[in-house]
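Student: Here you go, this is start-v2.txt (compact mmCIF, C-alpha atoms).
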# COMPACT_ATOMS: atom_id res chain seq x y z
CA MET A 1 192.65 -52.29 261.40
CA GLN A 2 192.70 -48.66 262.52
CA LEU A 3 190.51 -47.74 265.49
CA ASN A 4 189.06 -44.23 265.76
CA SER A 5 187.12 -42.27 268.35
CA TRP A 6 183.45 -41.47 267.81
CA GLY A 7 184.30 -37.88 266.88
CA MET A 8 186.52 -39.15 264.01
CA TYR A 9 189.12 -36.58 265.06
CA PRO A 10 192.05 -36.84 265.27
CA GLN A 11 193.03 -39.64 262.89
CA ILE A 12 196.00 -41.72 264.02
CA LYS A 13 197.46 -44.96 262.74
CA ASN A 14 197.49 -47.54 265.49
CA LYS A 15 198.44 -51.13 266.14
CA LYS A 16 195.74 -53.24 267.79
CA PHE A 17 196.58 -55.84 270.45
CA THR A 18 193.90 -58.31 271.55
CA PHE A 19 193.69 -60.85 274.38
CA ASN A 20 191.32 -63.58 275.48
CA THR A 21 193.02 -64.70 278.68
CA LYS A 22 194.82 -62.95 281.51
CA ASN A 23 198.09 -64.61 280.49
CA ASN A 24 197.65 -63.29 276.93
CA LEU A 25 197.30 -59.80 278.35
CA LYS A 26 200.37 -60.19 280.57
CA ASP A 27 202.37 -61.10 277.44
CA VAL A 28 201.07 -58.00 275.66
CA LEU A 29 202.14 -55.77 278.54
CA LYS A 30 205.67 -57.20 278.38
CA GLU A 31 206.08 -55.47 275.00
CA ASN A 32 208.32 -52.42 275.09
CA ASN A 33 205.48 -50.06 274.15
CA THR A 34 202.98 -47.70 275.70
CA PHE A 35 199.32 -48.71 275.46
CA ILE A 36 195.82 -47.45 276.08
CA PRO A 37 192.80 -49.76 276.58
CA PHE A 38 190.09 -49.34 273.91
CA GLY A 39 186.48 -50.51 274.16
CA ASN A 40 183.79 -49.79 271.57
CA GLY A 41 185.23 -46.47 270.39
CA ARG A 42 182.45 -44.24 271.75
CA SER A 43 184.70 -41.74 273.53
CA TYR A 44 184.38 -38.56 271.50
CA GLY A 45 187.96 -37.35 271.65
CA ASP A 46 191.47 -38.76 272.01
CA SER A 47 191.26 -40.36 275.46
CA ALA A 48 191.41 -43.91 274.01
CA LEU A 49 193.79 -43.22 271.12
CA ASN A 50 197.47 -44.13 271.01
CA GLU A 51 199.94 -45.73 268.63
CA ASN A 52 199.31 -49.04 270.43
CA ILE A 53 195.83 -50.03 271.56
CA ILE A 54 194.68 -52.91 273.75
CA TYR A 55 191.33 -53.87 272.26
CA CYS A 56 189.13 -55.00 275.16
CA LYS A 57 185.74 -55.45 273.50
CA PRO A 58 186.19 -59.19 272.70
CA TYR A 59 186.80 -59.89 276.42
CA ASN A 60 183.06 -59.97 276.99
CA TYR A 61 181.59 -62.82 279.02
CA PHE A 62 178.94 -62.66 281.74
CA LEU A 63 180.53 -64.47 284.71
CA ASP A 64 177.80 -64.60 287.35
CA PHE A 65 174.54 -62.98 288.44
CA ASP A 66 173.10 -62.89 291.95
CA GLU A 67 169.34 -62.79 291.30
CA GLU A 68 168.53 -61.86 294.91
CA LYS A 69 170.93 -58.94 295.25
CA GLY A 70 170.97 -57.93 291.58
CA ILE A 71 174.78 -58.04 291.36
CA LEU A 72 176.22 -58.84 287.93
CA HIS A 73 179.81 -60.03 287.50
CA CYS A 74 181.04 -59.55 283.94
CA GLN A 75 184.17 -58.98 281.88
CA SER A 76 185.11 -55.47 280.82
CA GLY A 77 184.22 -55.90 277.15
CA VAL A 78 180.53 -56.51 277.87
CA MET A 79 178.39 -53.75 276.36
CA LEU A 80 175.67 -51.94 278.29
CA SER A 81 173.33 -52.91 275.44
CA GLU A 82 174.02 -56.59 276.14
CA ILE A 83 173.17 -56.12 279.82
CA ILE A 84 169.92 -54.35 278.91
CA GLU A 85 168.85 -56.97 276.36
CA THR A 86 169.58 -59.80 278.81
CA PHE A 87 168.31 -58.39 282.09
CA VAL A 88 165.41 -56.02 281.37
CA PRO A 89 163.16 -59.02 280.55
CA ARG A 90 164.19 -60.39 283.98
CA GLY A 91 163.23 -57.11 285.69
CA TRP A 92 166.64 -55.45 286.06
CA PHE A 93 168.16 -52.27 284.63
CA LEU A 94 171.34 -50.23 285.05
CA LYS A 95 171.37 -48.01 288.13
CA VAL A 96 173.36 -45.41 286.20
CA THR A 97 173.56 -45.14 282.41
CA PRO A 98 174.92 -42.51 280.04
CA GLY A 99 173.16 -41.36 276.85
CA THR A 100 174.40 -44.33 274.85
CA LYS A 101 174.22 -48.04 275.64
CA LEU A 102 176.87 -48.82 273.02
CA ILE A 103 179.81 -48.63 275.43
CA THR A 104 181.66 -51.33 277.34
CA ILE A 105 181.69 -51.83 281.09
CA GLY A 106 185.41 -51.02 281.06
CA GLY A 107 184.73 -47.75 279.26
CA ALA A 108 181.90 -46.86 281.65
CA ILE A 109 184.26 -47.32 284.60
CA ALA A 110 187.22 -45.52 282.99
CA SER A 111 185.01 -42.50 282.25
CA ASP A 112 182.96 -42.87 285.46
CA VAL A 113 179.97 -42.10 283.28
CA HIS A 114 176.86 -40.39 284.56
CA GLY A 115 173.33 -40.04 283.29
CA LYS A 116 169.96 -38.38 283.75
CA ASN A 117 169.84 -39.29 287.45
CA HIS A 118 173.17 -38.01 288.77
CA HIS A 119 171.36 -35.58 291.08
CA ILE A 120 169.99 -38.64 292.89
CA LYS A 121 172.24 -41.66 292.16
CA GLY A 122 175.65 -40.21 291.26
CA CYS A 123 178.15 -41.69 288.80
CA PHE A 124 178.60 -45.22 287.49
CA SER A 125 181.17 -45.90 290.21
CA SER A 126 178.39 -45.68 292.80
CA CYS A 127 177.01 -49.02 291.59
CA ILE A 128 180.39 -50.81 291.32
CA GLU A 129 181.05 -53.38 294.03
CA GLU A 130 184.57 -54.33 292.97
CA ILE A 131 186.96 -54.34 290.01
CA ASN A 132 189.77 -56.63 288.93
CA LEU A 133 192.54 -54.51 287.40
CA MET A 134 195.75 -55.61 285.71
CA LEU A 135 198.68 -53.33 286.54
CA PRO A 136 201.64 -52.59 284.21
CA ASN A 137 203.70 -55.46 285.65
CA GLY A 138 200.92 -58.00 285.04
CA GLU A 139 199.82 -58.13 288.69
CA ILE A 140 196.04 -58.33 289.17
CA LYS A 141 194.54 -56.20 291.93
CA ASN A 142 191.03 -56.61 293.31
CA ILE A 143 189.91 -53.10 294.18
CA LYS A 144 186.88 -51.88 296.09
CA LYS A 145 185.30 -48.56 297.05
CA ASP A 146 187.63 -46.17 298.90
CA ASP A 147 190.76 -48.02 297.75
CA GLU A 148 193.25 -45.57 296.29
CA LEU A 149 193.31 -47.57 293.05
CA PHE A 150 189.49 -47.43 292.91
CA LEU A 151 189.50 -43.65 293.28
CA ALA A 152 192.03 -43.37 290.47
CA THR A 153 190.57 -46.01 288.12
CA CYS A 154 186.96 -44.77 288.16
CA GLY A 155 187.26 -41.74 285.92
CA GLY A 156 190.96 -42.45 285.27
CA MET A 157 190.53 -42.75 281.48
CA GLY A 158 192.23 -46.16 281.27
CA LEU A 159 195.49 -44.80 282.62
CA THR A 160 195.77 -47.02 285.72
CA GLY A 161 195.76 -50.40 283.97
CA VAL A 162 193.48 -52.76 282.09
CA ILE A 163 190.10 -53.37 283.70
CA LEU A 164 189.48 -57.12 283.47
CA ASP A 165 186.07 -57.52 285.05
CA ALA A 166 183.75 -55.92 287.57
CA LYS A 167 180.79 -56.60 289.84
CA ILE A 168 178.01 -54.05 289.40
CA SER A 169 174.68 -53.75 291.18
CA LEU A 170 171.57 -53.41 289.01
CA LYS A 171 168.23 -51.70 289.66
CA LYS A 172 164.97 -53.63 290.03
CA ILE A 173 162.27 -52.48 287.58
CA ASN A 174 158.78 -53.63 286.59
CA SER A 175 158.44 -52.11 283.12
CA LYS A 176 160.31 -51.37 279.92
CA TYR A 177 158.46 -48.04 279.82
CA ILE A 178 159.09 -44.62 281.34
CA ASN A 179 156.30 -42.22 282.31
CA GLN A 180 157.72 -39.03 280.79
CA THR A 181 156.67 -35.43 281.31
CA THR A 182 157.94 -32.76 278.88
CA ILE A 183 158.07 -29.15 280.07
CA LYS A 184 158.50 -26.37 277.51
CA THR A 185 160.23 -23.24 278.81
CA LYS A 186 160.62 -19.79 277.25
CA ASN A 187 164.02 -18.71 278.62
CA LEU A 188 166.87 -19.67 280.93
CA LYS A 189 165.11 -18.42 284.05
CA GLU A 190 162.12 -20.67 283.37
CA THR A 191 164.48 -23.54 282.56
CA PHE A 192 166.21 -23.32 285.94
CA GLU A 193 162.87 -22.99 287.72
CA ALA A 194 161.60 -26.13 285.96
CA PHE A 195 164.71 -28.14 286.87
CA GLU A 196 164.32 -27.20 290.52
CA LYS A 197 160.56 -27.87 290.51
CA TYR A 198 161.11 -31.38 289.17
CA SER A 199 164.39 -32.14 291.00
CA HIS A 200 162.59 -34.87 292.98
CA MET A 201 162.08 -36.88 289.79
CA PRO A 202 164.55 -39.79 289.33
CA TYR A 203 165.51 -38.79 285.77
CA SER A 204 165.77 -35.38 284.11
CA VAL A 205 167.45 -33.92 281.04
CA ALA A 206 166.85 -30.90 278.81
CA TRP A 207 167.45 -30.10 275.17
CA ILE A 208 168.33 -26.43 274.96
CA ASP A 209 168.31 -24.09 271.95
CA CYS A 210 171.86 -22.76 271.98
CA LEU A 211 171.26 -20.33 269.10
CA ALA A 212 168.35 -18.50 270.76
CA LYS A 213 169.02 -14.81 271.36
CA ASN A 214 168.01 -12.01 273.71
CA GLU A 215 164.92 -12.81 275.81
CA ASP A 216 164.73 -16.33 274.34
CA ILE A 217 168.20 -17.40 275.52
CA GLY A 218 168.04 -20.69 277.41
CA LYS A 219 164.62 -21.86 276.20
CA CYS A 220 164.37 -25.62 276.37
CA LEU A 221 162.38 -28.82 276.42
CA LEU A 222 162.90 -30.48 279.80
CA MET A 223 162.12 -34.21 279.94
CA VAL A 224 161.63 -35.82 283.36
CA GLY A 225 160.45 -39.32 284.15
CA ASP A 226 160.38 -42.52 286.15
CA PHE A 227 159.79 -46.19 285.36
CA ALA A 228 156.20 -47.30 284.92
CA ASP A 229 154.84 -50.20 286.97
CA ASP A 230 152.82 -52.14 284.42
CA GLY A 231 154.70 -55.46 284.39
CA LYS A 232 155.59 -55.14 280.71
CA LEU A 233 159.19 -56.32 280.42
CA ASP A 234 159.24 -57.80 276.90
CA PHE A 235 162.13 -55.59 275.80
CA LYS A 236 163.44 -56.06 272.26
CA GLU A 237 166.03 -54.12 270.28
CA LYS A 238 164.42 -51.76 267.75
CA LYS A 239 165.28 -51.76 264.09
CA LYS A 240 167.79 -48.99 263.41
CA LYS A 241 168.28 -46.49 260.63
CA THR A 242 171.77 -46.15 259.18
CA ILE A 243 173.73 -43.21 257.80
CA SER A 244 175.92 -44.91 255.21
CA PHE A 245 178.12 -41.98 254.13
CA ASN A 246 179.74 -38.84 255.49
CA PHE A 247 177.57 -35.78 254.96
CA PRO A 248 179.20 -32.92 253.03
CA SER A 249 180.63 -30.44 255.52
CA PHE A 250 178.43 -27.57 254.32
CA ALA A 251 175.23 -29.52 255.14
CA LEU A 252 175.57 -28.66 258.82
CA ASN A 253 175.56 -24.87 259.04
CA ASN A 254 174.02 -22.00 260.95
CA PHE A 255 170.85 -22.12 258.87
CA SER A 256 170.28 -25.88 259.14
CA VAL A 257 170.91 -25.88 262.90
CA LYS A 258 168.50 -22.96 263.37
CA ALA A 259 165.88 -24.76 261.27
CA PHE A 260 166.26 -27.96 263.31
CA ASN A 261 166.08 -26.08 266.60
CA TRP A 262 162.95 -24.20 265.51
CA LEU A 263 161.16 -27.40 264.44
CA TYR A 264 162.23 -29.42 267.48
CA TYR A 265 161.10 -26.73 269.89
CA LYS A 266 157.87 -25.98 268.03
CA LYS A 267 156.68 -29.60 268.00
CA ALA A 268 156.21 -29.63 271.78
CA PRO A 269 152.99 -28.17 273.19
CA ILE A 270 153.12 -25.15 275.50
CA GLY A 271 153.44 -26.00 279.18
CA GLU A 272 153.53 -29.69 280.15
CA SER A 273 152.74 -32.86 278.21
CA LYS A 274 152.78 -36.48 279.36
CA GLN A 275 153.49 -39.69 277.48
CA LYS A 276 154.75 -43.22 278.00
CA VAL A 277 157.99 -43.99 276.14
CA ASP A 278 160.26 -47.03 276.05
CA ILE A 279 163.76 -47.34 277.51
CA ASP A 280 165.49 -46.70 274.18
CA THR A 281 163.47 -43.56 273.42
CA PHE A 282 164.03 -42.05 276.85
CA PHE A 283 167.63 -43.00 277.57
CA TYR A 284 169.24 -43.64 274.17
CA PRO A 285 167.54 -41.64 271.38
CA LEU A 286 170.69 -41.31 269.24
CA ASP A 287 171.42 -45.04 269.37
CA ALA A 288 168.46 -45.48 267.01
CA ILE A 289 170.70 -44.23 264.18
CA ASN A 290 173.80 -46.19 263.20
CA ASN A 291 176.82 -43.98 262.38
CA TRP A 292 175.08 -40.72 263.28
CA ASN A 293 178.54 -39.21 263.72
CA ARG A 294 178.76 -39.03 259.92
CA ILE A 295 176.39 -36.07 259.79
CA TYR A 296 179.34 -33.86 260.78
CA GLY A 297 181.34 -34.71 257.65
CA LYS A 298 184.69 -36.34 257.05
CA ASN A 299 186.59 -33.85 259.23
CA GLY A 300 184.71 -35.09 262.29
CA PHE A 301 183.36 -33.27 265.32
CA THR A 302 184.00 -32.65 268.98
CA GLN A 303 181.69 -32.49 271.94
CA TYR A 304 182.28 -29.70 274.41
CA GLN A 305 180.92 -30.59 277.83
CA PHE A 306 181.50 -28.48 280.90
CA ILE A 307 179.99 -28.24 284.37
CA LEU A 308 179.58 -25.23 286.68
CA PRO A 309 178.94 -25.07 290.44
CA LYS A 310 175.25 -24.71 291.19
CA ASP A 311 175.34 -21.27 292.78
CA VAL A 312 176.88 -19.70 289.65
CA SER A 313 175.38 -21.98 286.99
CA TYR A 314 172.73 -19.50 285.87
CA ASP A 315 175.15 -16.61 285.31
CA GLY A 316 177.81 -18.81 283.74
CA LEU A 317 175.45 -20.60 281.37
CA LYS A 318 173.88 -17.30 280.31
CA GLU A 319 177.30 -15.89 279.44
CA ILE A 320 178.34 -19.02 277.56
CA LEU A 321 175.05 -19.29 275.64
CA GLU A 322 175.37 -15.64 274.61
CA LYS A 323 178.90 -16.31 273.38
CA ILE A 324 177.82 -19.33 271.33
CA SER A 325 174.74 -17.61 269.92
CA ASN A 326 176.79 -14.61 268.80
CA SER A 327 179.39 -16.88 267.19
CA GLY A 328 176.78 -18.55 264.96
CA LYS A 329 178.48 -21.92 265.52
CA GLY A 330 175.51 -23.62 267.09
CA SER A 331 174.84 -27.22 268.02
CA PHE A 332 171.50 -28.94 267.59
CA LEU A 333 172.62 -31.49 270.21
CA ALA A 334 172.72 -29.28 273.29
CA VAL A 335 172.02 -31.18 276.51
CA LEU A 336 171.58 -29.54 279.91
CA LYS A 337 171.58 -31.64 283.10
CA LEU A 338 171.34 -31.17 286.86
CA TYR A 339 173.97 -32.85 289.07
CA GLY A 340 174.26 -33.85 292.70
CA GLU A 341 177.30 -33.88 294.97
CA ALA A 342 180.75 -34.77 293.59
CA ASN A 343 182.33 -38.09 294.56
CA GLN A 344 185.90 -38.62 295.80
CA ASN A 345 187.33 -40.10 292.58
CA TYR A 346 190.37 -38.17 291.46
CA LEU A 347 189.27 -37.33 287.91
CA SER A 348 185.48 -37.77 287.95
CA PHE A 349 183.77 -34.96 286.11
CA PRO A 350 180.50 -34.19 287.98
CA MET A 351 180.05 -31.68 290.76
CA LYS A 352 176.89 -30.23 292.29
CA GLY A 353 175.60 -27.94 289.58
CA TYR A 354 174.63 -27.91 285.92
CA SER A 355 176.43 -29.18 282.84
CA LEU A 356 175.94 -28.38 279.17
CA ALA A 357 177.11 -30.66 276.34
CA LEU A 358 177.39 -29.30 272.80
CA ASP A 359 178.49 -30.93 269.54
CA PHE A 360 180.53 -28.86 267.06
CA LYS A 361 181.85 -29.95 263.68
CA ILE A 362 185.58 -29.49 263.21
CA GLU A 363 185.90 -26.33 261.13
CA LYS A 364 187.88 -23.11 260.97
CA GLY A 365 187.53 -21.05 264.13
CA ILE A 366 185.91 -23.71 266.31
CA PHE A 367 188.90 -24.33 268.59
CA GLU A 368 189.30 -20.58 269.11
CA LEU A 369 185.65 -20.40 270.19
CA LEU A 370 186.12 -23.29 272.59
CA ASP A 371 189.26 -21.67 274.02
CA SER A 372 187.18 -18.60 274.83
CA LEU A 373 184.51 -20.79 276.46
CA ASP A 374 187.23 -22.44 278.58
CA GLU A 375 188.05 -19.06 280.10
CA ILE A 376 184.41 -18.52 281.08
CA VAL A 377 184.17 -22.03 282.56
CA LEU A 378 187.25 -21.38 284.70
CA LYS A 379 185.99 -17.95 285.73
CA TYR A 380 182.95 -19.63 287.27
CA GLY A 381 184.92 -22.49 288.88
CA GLY A 382 183.87 -25.22 286.44
CA ARG A 383 185.67 -27.96 284.53
CA ILE A 384 185.76 -29.89 281.24
CA TYR A 385 184.78 -33.57 280.74
CA LEU A 386 187.78 -35.58 279.52
CA THR A 387 185.70 -38.32 277.86
CA LYS A 388 184.35 -35.79 275.37
CA ASP A 389 187.46 -33.63 275.01
CA VAL A 390 189.98 -33.45 272.19
CA ARG A 391 191.70 -30.09 272.62
CA VAL A 392 191.71 -28.61 276.14
CA SER A 393 195.10 -27.36 277.33
CA LYS A 394 197.05 -28.72 280.28
CA GLU A 395 196.70 -25.43 282.13
CA ILE A 396 192.91 -25.23 281.75
CA PHE A 397 192.42 -28.89 282.60
CA GLU A 398 194.52 -28.77 285.78
CA LYS A 399 192.62 -25.85 287.26
CA GLY A 400 189.37 -27.82 287.12
CA TYR A 401 190.60 -30.96 288.87
CA PRO A 402 191.99 -30.36 292.39
CA SER A 403 193.03 -34.02 292.90
CA ILE A 404 195.24 -34.13 289.80
CA GLU A 405 198.50 -34.46 291.77
CA LYS A 406 197.16 -37.47 293.68
CA PHE A 407 196.44 -39.11 290.33
CA ARG A 408 199.87 -38.27 288.92
CA ASN A 409 201.65 -39.54 292.02
CA LEU A 410 199.78 -42.84 291.97
CA ARG A 411 200.62 -43.30 288.27
CA LYS A 412 204.30 -42.85 289.04
CA GLU A 413 204.18 -45.12 292.09
CA TYR A 414 202.89 -48.09 290.07
CA GLY A 415 204.82 -47.30 286.86
CA MET A 416 201.56 -46.61 285.03
CA ASP A 417 202.94 -43.42 283.50
CA LYS A 418 205.53 -45.48 281.60
CA LYS A 419 203.09 -48.13 280.29
CA PHE A 420 199.66 -46.53 279.84
CA GLN A 421 199.42 -43.36 277.77
CA SER A 422 196.96 -41.78 275.36
CA LEU A 423 197.09 -38.79 273.06
CA GLN A 424 194.98 -37.03 275.68
CA SER A 425 197.17 -37.97 278.63
CA LYS A 426 200.23 -36.57 276.85
CA ARG A 427 198.37 -33.36 275.99
CA VAL A 428 197.06 -32.61 279.49
CA GLY A 429 200.00 -34.07 281.39
CA ILE A 430 198.42 -37.00 283.21
Now that the file is in, can you turn its structure into structure tokens?

Tutor:
Amino acid sequence: MQLNSWGMYPQIKNKKFTFNTKNNLKDVLKENNTFIPFGNGRSYGDSALNENIIYCKPYNYFLDFDEEKGILHCQSGVMLSEIIETFVPRGWFLKVTPGTKLITIGGAIASDVHGKNHHIKGCFSSCIEEINLMLPNGEIKNIKKDDELFLATCGGMGLTGVILDAKISLKKINSKYINQTTIKTKNLKETFEAFEKYSHMPYSVAWIDCLAKNEDIGKCLLMVGDFADDGKLDFKEKKKKTISFNFPSFALNNFSVKAFNWLYYKKAPIGESKQKVDIDTFFYPLDAINNWNRIYGKNGFTQYQFILPKDVSYDGLKEILEKISNSGKGSFLAVLKLYGEANQNYLSFPMKGYSLALDFKIEKGIFELLDSLDEIVLKYGGRIYLTKDVRVSKEIFEKGYPSIEKFRNLRKEYGMDKKFQSLQSKRVGI
């Protein structure tokens, strides 16, 4: 069975190794191969691809739950969706969640994922109490906050070892609903003003029209919200739609993206509108469609996500949006978010500022466009998110991550560089 990333690019033949006990895993690691842990395959690029893959998803038991403190102990293959289905009816939710619940706990830690509340709650690592990690030699280390191995593992893209299990703290809630406010802006200036006006709200995210031009550049729909308090906790998984085939490549083009952007923006009323939406609608809108990655065609797609320091975010985003708009290679999935302070983890992506995530189908000229965007990101002191990346160069990557040498040195110290490798790690030199 070949395992692929969510972006379906690149394609690589791989051998899958599974385990159901710690001793099984130790035996796997004795093989004279390099490996990369693999969860549910929702990383967009090549960070979890290698010739040999350790498939962690079946290692997926709940181990314990402290109902008073809200601390869940579970194995690394447990999906966020399984936590939500089990614990929302009991009045608990994830403190930090990305835009999909279809990832494993191990993947969430390895990417140190973030969500719509980073400006208040930080990354996923902020809610981790401890991790059990198997090193290349089969030794199991229990690691906690501020441990060197913790700083390297959270955001370390699976390159420090195999995450076996973790204790994570959950958030107490009293509803499956979010009170959402949608703010419609006319340009980038209004968008930034709206983000700052609503920065006190626990959750915020904006869809931005990346093909808008001139005075309309940066217009968006900003969604902010917080949990309701109505006692309704009867959460159930919604029925999903499925895309059962790869769309033809020509279906996603400049015209179709413009048409989608126009309709999506137009449907929202001018100014502010309020509504009550459920957890899935607010946090995980794309999870409602199985295999939505197929809309990009058989050649696949890549997500380009970068972040810029707050004091230069406006100028940098304006320059990048102008570049994308002029290229005609737009994305109808363009997500803008506000971030709080960076943590101390060696390879964690967020910093205080704004990030933009854009999806592009793999086609002629797209990597050249992204190379030119890299230069703008570096000019403004930003960096690229490894979990979404499939093509950034070693030179560009290094300049965005000042703790890279600490990560490399730790990998060498524990022999991780000889046992755990991915296509991405070889490309960017980590």

Student: Write out as a list in words the residues lying within 9 Å of range 81-94 of chain A, counting all atoms listed in the file and excluding same-chain residues fewer than 5 positions away.

Tutor: Phe62, Gly70, Thr100, Lys101, Leu102, Ile103, Thr104, Cys127, Ile168, Ser169, Leu170, Lys171, Lys172, Ile173, Asn174, Ser175, Lys176, Gly231, Lys232, Leu233, Asp234, Phe235, Lys236 and Glu237 of chain A

Student: Could you jot down the CA of Thr191 in chain A to CA of Val205 in chain A separation for me, Å, one decimal place?

Tutor: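 Taking CA of Thr191 in chain A as the start and CA of Val205 in chain A as the end point, the length is 10.9 Å.
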
Student: Which residue, A:Glu368, A:Glu148, A:Glu398, A:Asp315, has the smallest gap to Ser327 in chain A when you use all atoms listed in the file?

Tutor: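 For Ser327 in chain A, the nearest of the given residues is A:Glu368.
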
Student: From the list A:Leu211, A:Ser249, A:Ala259, A:Lys240, which residue is nearest Leu321 in chain A when using all atoms listed in the file?

Tutor: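 Closest to Leu321 in chain A, using all atoms listed in the file: A:Leu211.
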
Student: When you count all atoms listed in the file, which of these residues is closest to Ile120 in chain A: A:His73, A:Lys310, A:Lys189, A:His200?

Tutor: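 The answer is A:His200, which sits nearest to Ile120 in chain A.
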
Student: For range 98-157 of chain A versus range 381-397 of chain A, which residues have an atom no more than 9 Å away, and what is each residue's nearest atom pair and distance in Å rounded to one decimal, using only C-alpha atoms, chain-then-number order, as a tab-separated table?

Tutor:
residue	atom	partner	partner_atom	distance
A:Ala110	CA	A:Thr387	CA	9.0
A:Ser111	CA	A:Thr387	CA	6.1
A:Val113	CA	A:Thr387	CA	8.7
A:Gly155	CA	A:Thr387	CA	8.9
A:Met157	CA	A:Thr387	CA	7.5

Student: Using only C-alpha atoms, can you tell me which of A:Ser47, A:Asn52, A:Asn20, A:Asn326 comes closest to Asn32 in chain A?

Tutor: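 Distance minimum relative to Asn32 in chain A lands on A:Asn52.
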
Student: For the atom pair CA of Thr182 in chain A and CA of Gln275 in chain A, what is the interatomic distance in Å to one decimal place?

Tutor: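 Atom-to-atom, CA of Thr182 in chain A to CA of Gln275 in chain A, that is 8.4 Å.
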
Student: Between A:Lys406, A:Lys184, A:Lys26, A:Lys267, which has the minimum distance to Leu347 in chain A (counting all atoms listed in the file)?

Tutor: A:Lys406

Student: Is it possible to get the residues within 7 Å of (186.4, -35.6, 288.8) (coordinates as in the file, counting only C-alpha atoms) written as an mmCIF file with C-alpha atoms, in the coordinates of the input?

Tutor:
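Just written: selection-v6.cif:
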data_model
loop_
_atom_site.group_PDB
_atom_site.id
_atom_site.type_symbol
_atom_site.label_atom_id
_atom_site.label_comp_id
_atom_site.auth_asym_id
_atom_site.auth_seq_id
_atom_site.Cartn_x
_atom_site.Cartn_y
_atom_site.Cartn_z
ATOM 1 C CA GLY A 155 187.260 -41.740 285.920
ATOM 2 C CA ASN A 345 187.330 -40.100 292.580
ATOM 3 C CA TYR A 346 190.370 -38.170 291.460
ATOM 4 C CA LEU A 347 189.270 -37.330 287.910
ATOM 5 C CA SER A 348 185.480 -37.770 287.950
ATOM 6 C CA PHE A 349 183.770 -34.960 286.110
ATOM 7 C CA PRO A 350 180.500 -34.190 287.980
ATOM 8 C CA TYR A 401 190.600 -30.960 288.870
#

Student: Between CA of Leu164 in chain A and CA of Ile279 in chain A, measure the distance and give it in Å to one decimal.

Tutor: 28.2 Å

Student: Could you name the residues that touch Phe227 in chain A at 7 Å or less, counting all atoms listed in the file, but leaving out those on the same chain fewer than 3 positions away, as a list of chain:residue names?

Tutor: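 These residues fall inside the cut-off: A:Ser175, A:Tyr177, A:Ile178, A:Asn179.
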
Student: For Ile140 in chain A, which residue among A:Pro285, A:Gly161, A:Gly330, A:Gly300 is the nearest when counting all atoms listed in the file?

Tutor: A:Gly161

Student: Counting all atoms listed in the file, write as a PyMOL selection string all protein and nucleic acid residues lying at most 12 Å from (188.2, -49.9, 290.8) in the file's frame.

Tutor: chain A and resi 76+105-106+108-112+124-135+140-158+160-168+345-346

Student: Please identify all polymer residues within 12 Å of Lys337 in chain A, counting all atoms listed in the file, omitting same-chain residues fewer than 4 positions from it, and present them as a VMD selection string.

Tutor: chain A and resid 98 to 99 114 to 119 191 to 192 194 to 196 199 203 to 208 220 to 224 305 to 308 310 313 317 350 to 357

Student: Can I get N, CA and C atoms for range 193-203 of chain A, as a short mmCIF file (atom, residue, chain, number, x, y, z; two decimals), in the first residue's frame?

Tutor:
data_model
loop_
_atom_site.label_atom_id
_atom_site.label_comp_id
_atom_site.auth_asym_id
_atom_site.auth_seq_id
_atom_site.Cartn_x
_atom_site.Cartn_y
_atom_site.Cartn_z
N GLU A 193 -7.71 46.59 10.32
CA GLU A 193 -8.45 47.31 11.36
C GLU A 193 -9.45 46.38 12.05
N ALA A 194 -10.11 45.52 11.27
CA ALA A 194 -11.09 44.59 11.82
C ALA A 194 -10.41 43.55 12.71
N PHE A 195 -9.28 43.02 12.27
CA PHE A 195 -8.56 42.04 13.09
C PHE A 195 -8.18 42.65 14.44
N GLU A 196 -7.69 43.87 14.42
CA GLU A 196 -7.28 44.51 15.66
C GLU A 196 -8.49 44.83 16.55
N LYS A 197 -9.58 45.26 15.95
CA LYS A 197 -10.79 45.59 16.70
C LYS A 197 -11.33 44.37 17.44
N TYR A 198 -11.21 43.20 16.80
CA TYR A 198 -11.77 41.98 17.38
C TYR A 198 -10.69 41.06 17.95
N SER A 199 -9.50 41.59 18.21
CA SER A 199 -8.40 40.75 18.70
C SER A 199 -8.66 40.18 20.09
N HIS A 200 -9.64 40.72 20.80
CA HIS A 200 -10.00 40.19 22.12
C HIS A 200 -10.82 38.91 22.01
N MET A 201 -11.37 38.64 20.83
CA MET A 201 -12.20 37.44 20.66
C MET A 201 -11.33 36.18 20.68
N PRO A 202 -11.81 35.09 21.29
CA PRO A 202 -10.99 33.87 21.40
C PRO A 202 -10.59 33.28 20.05
N TYR A 203 -11.47 33.37 19.05
CA TYR A 203 -11.20 32.75 17.76
C TYR A 203 -11.41 33.77 16.63
#
